[in-house]
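K.L.:
One structure, pasted below without further comment.
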Amino acid sequence: MVSSLPCHTVTGASGFKLCCYQGFWMSESWAAAAAAIQRCFEPHLDDVIVSSLPKCGTTWLVALTFATMVRRVYPPGAADHPLRRLNPHQCLPFLEGLFATRREGKLEGLPSSRLMNTHMPLQMIPHAIAAPGGGGGRVIYICREPKDMAVSTWHYFRRAYPEQAFSDVVDLLCDGTMLAASPGSVLFLRYEQLLLVPAENVRRLARSLGLPFSADEEKDGIVRGIVELCSLHSLSAMEPNRTGYVDPGLKLPRQVLFRKGMAGDWKNHMTPEMARRMDSIVADRFRTTGITF
Ligand code: A3P
């Protein structure tokens with residue numbers, strides 16, 4: 001199936017091939033995974049899926065959601081908290097990774113509520129979860145100012161492809177990016193808001209998971225503890241995030257997941273023309289959604 005899809009190799013990034021599956025550009029292995037997810041993924045009513053485009057704050061949201069869900073077993077201050085021993089991405093399965101390597105059977109072994117993450121567009125997640133008022137599952141979605149996402153993407157890719165020019169990444173995104181989400185069972189978070197008022201957004205996250213913080217937890221500083229545990233400063237200093245690879249194939253060290261973590265870094269990288277071009281595409285695509293950046 002994948003070999004029959006329209007494909008192109010990313011300019012500058014030698015050998016990085018994208019193919020177009022159901023209108024979305026993705027790597028070949030993700031396209032194969034997307035087809036397998038649509039065919040075989042059996043959602044449970046209480047599944048929680050952290051969903052994002054790459055470089056929009058996935059690692060942060062994964063850590064916050066995980067820490068919020070396990071807080072009664074592992075309070076954020078616990079010395080043996082999994083986030084002190086593991087990279088956030090090792091704390092939950094990545095759907096594309098599982099399905100691309102035929103390890104989806106692992107999902108059945110997860111305790112309820114199952115927590116997982118994906119970069120797939122919402123339309124590709126089975127309806128039982130993603131449909132408004134659908135099966136009761138939850139999608140926790142994060143979006144980010146597209147120009148900052150472009151800068152973050154470039155910094156990430158150029159670790160694997162040093163010859164990759166920033167302008168090529170901007171071209172790639174302008175030609176192919178699309179963000180999507182719908183209300184209902186989806187909690188829509190924005191990276192910039194999470195930076196500004198993290199505690200308030202973690203409370204929204206917990207409510208959306210059906211696990212609101214109790215008055216005692218508020219008094220005990222659990223919200224603040226989760227925010228601190230999952231901060232860029234704290235996570236990037238932890239041993240499991242300073243060693244090992246996020247992608248052993250591309251030799252991308254885990255450290256590249258934690259860079260500046262700020263809003264507006266695009267101003268340090270983009271020409272006014274690049275910024276105008278992205279702004280006008282985003283304004284056009286988002287016109288009917290009411291979302292502005
Ligand atoms: P920058 O490259 O702009 O610094 P993803 O996890 O989806 O790959 O997103 C990576 C971006 O999120 C990077 O942005 C990274 O620095 C930032 N990030 C990672 N962990 C973070 C955290 N705990 N708090 C805030 N930002 C974080």
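Ligands are numbered from 1 in the order shown, chains are lettered A, B, ... in the order of the structure tokens, and residues start at 1 in each chain.
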How close does region 113-176 of chain A get to region 250-267 of chain A? List, as CSV, each residue of region 113-176 of chain A within 9 Å, its nearest atom pair and the distance in Å to one decimal, counting only C-alpha atoms.

P.N.:
```
residue,atom,partner,partner_atom,distance
A:Arg144,CA,A:Ala263,CA,8.8
A:Glu145,CA,A:Ala263,CA,7.8
A:Lys147,CA,A:Trp266,CA,5.6
A:Asp148,CA,A:Trp266,CA,5.0
A:Met149,CA,A:Trp266,CA,8.4
A:Ala150,CA,A:Trp266,CA,7.8
A:Val151,CA,A:Trp266,CA,6.0
A:Ser152,CA,A:Arg259,CA,8.2
A:His155,CA,A:Val256,CA,8.1
A:Tyr156,CA,A:Val256,CA,6.3
A:Phe157,CA,A:Leu252,CA,8.7
A:Arg159,CA,A:Leu252,CA,6.6
A:Ala160,CA,A:Leu250,CA,5.8
A:Tyr161,CA,A:Leu250,CA,8.9
```

K.L.:
I'd like the neighbourhood of Val202 (chain A) as a list in words, where a residue qualifies if any of its atoms comes within 8 Å (using only C-alpha atoms), though same-chain residues fewer than 5 positions away should be ignored.

P.N.:
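Those residues are Leu64, Thr68, Val223 and Val227 of chain A.
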
K.L.:
Keeping only C-alpha atoms, write the selected residues as a compact mmCIF listing (two decimals), in the first residue's frame.

P.N.:
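Output file result_5.txt is given in full below:
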```
# COMPACT_ATOMS: atom_id res chain seq x y z
CA LEU A 64 2.12 16.40 32.49
CA THR A 68 -1.46 13.83 36.59
CA VAL A 223 -0.54 20.75 41.12
CA VAL A 227 4.19 21.51 37.07
```

K.L.:
Got a sec to tell me which of region 36-75 of chain A DSSP assigns to helix (DSSP H, G or I), as a ChimeraX atom specification?

P.N.:
/A:36-40,58-69

K.L.:
Print the selection's residues with N, CA and C atoms to a file, as a PDB file, in the first residue's frame.

P.N.:
```pdb
ATOM      1  N   ALA A  36      -2.575   0.629   9.653  1.00  0.00           N
ATOM      2  CA  ALA A  36      -2.791  -0.450  10.636  1.00  0.00           C
ATOM      3  C   ALA A  36      -3.650   0.037  11.804  1.00  0.00           C
ATOM      4  N   ILE A  37      -3.432   1.293  12.227  1.00  0.00           N
ATOM      5  CA  ILE A  37      -4.240   1.849  13.336  1.00  0.00           C
ATOM      6  C   ILE A  37      -5.712   1.870  12.920  1.00  0.00           C
ATOM      7  N   GLN A  38      -5.964   2.348  11.701  1.00  0.00           N
ATOM      8  CA  GLN A  38      -7.359   2.434  11.244  1.00  0.00           C
ATOM      9  C   GLN A  38      -7.992   1.045  11.121  1.00  0.00           C
ATOM     10  N   ARG A  39      -7.143   0.064  10.761  1.00  0.00           N
ATOM     11  CA  ARG A  39      -7.670  -1.284  10.546  1.00  0.00           C
ATOM     12  C   ARG A  39      -7.830  -2.053  11.861  1.00  0.00           C
ATOM     13  N   CYS A  40      -6.844  -1.942  12.736  1.00  0.00           N
ATOM     14  CA  CYS A  40      -6.821  -2.887  13.880  1.00  0.00           C
ATOM     15  C   CYS A  40      -6.932  -2.263  15.267  1.00  0.00           C
ATOM     16  N   THR A  58       4.871  18.029  22.648  1.00  0.00           N
ATOM     17  CA  THR A  58       4.410  16.663  22.939  1.00  0.00           C
ATOM     18  C   THR A  58       5.038  16.110  24.219  1.00  0.00           C
ATOM     19  N   THR A  59       6.370  16.232  24.312  1.00  0.00           N
ATOM     20  CA  THR A  59       7.090  15.630  25.441  1.00  0.00           C
ATOM     21  C   THR A  59       6.575  16.219  26.757  1.00  0.00           C
ATOM     22  N   TRP A  60       6.371  17.522  26.751  1.00  0.00           N
ATOM     23  CA  TRP A  60       5.883  18.219  27.949  1.00  0.00           C
ATOM     24  C   TRP A  60       4.486  17.720  28.315  1.00  0.00           C
ATOM     25  N   LEU A  61       3.596  17.688  27.303  1.00  0.00           N
ATOM     26  CA  LEU A  61       2.212  17.289  27.573  1.00  0.00           C
ATOM     27  C   LEU A  61       2.131  15.819  27.987  1.00  0.00           C
ATOM     28  N   VAL A  62       2.981  14.984  27.376  1.00  0.00           N
ATOM     29  CA  VAL A  62       3.041  13.572  27.768  1.00  0.00           C
ATOM     30  C   VAL A  62       3.414  13.475  29.250  1.00  0.00           C
ATOM     31  N   ALA A  63       4.441  14.239  29.644  1.00  0.00           N
ATOM     32  CA  ALA A  63       4.898  14.199  31.036  1.00  0.00           C
ATOM     33  C   ALA A  63       3.806  14.703  31.976  1.00  0.00           C
ATOM     34  N   LEU A  64       3.164  15.830  31.615  1.00  0.00           N
ATOM     35  CA  LEU A  64       2.116  16.400  32.488  1.00  0.00           C
ATOM     36  C   LEU A  64       0.928  15.443  32.625  1.00  0.00           C
ATOM     37  N   THR A  65       0.514  14.850  31.509  1.00  0.00           N
ATOM     38  CA  THR A  65      -0.657  13.964  31.550  1.00  0.00           C
ATOM     39  C   THR A  65      -0.332  12.713  32.363  1.00  0.00           C
ATOM     40  N   PHE A  66       0.850  12.153  32.103  1.00  0.00           N
ATOM     41  CA  PHE A  66       1.266  10.960  32.846  1.00  0.00           C
ATOM     42  C   PHE A  66       1.340  11.273  34.345  1.00  0.00           C
ATOM     43  N   ALA A  67       2.006  12.388  34.692  1.00  0.00           N
ATOM     44  CA  ALA A  67       2.174  12.733  36.113  1.00  0.00           C
ATOM     45  C   ALA A  67       0.822  12.976  36.780  1.00  0.00           C
ATOM     46  N   THR A  68      -0.116  13.568  36.026  1.00  0.00           N
ATOM     47  CA  THR A  68      -1.457  13.830  36.587  1.00  0.00           C
ATOM     48  C   THR A  68      -2.206  12.515  36.821  1.00  0.00           C
ATOM     49  N   MET A  69      -2.073  11.585  35.873  1.00  0.00           N
ATOM     50  CA  MET A  69      -2.833  10.334  35.997  1.00  0.00           C
ATOM     51  C   MET A  69      -2.276   9.393  37.068  1.00  0.00           C
TER      52      MET A  69
END
```

K.L.:
Which is closest to ligand 1 among A:Glu192, A:Glu96, A:Glu273, A:Glu104, if we use only C-alpha atoms and all ligand atoms?

P.N.:
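Between A:Glu192, A:Glu96, A:Glu273, A:Glu104, the residue approaching ligand 1 most closely is A:Glu192.
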
K.L.:
Would you return as a PyMOL selection string the members of region 34-235 of chain A that DSSP assigns to strand (DSSP E) on this structure's backbone?

P.N.:
chain A and resi 48-52+115-118+138-143+186-190
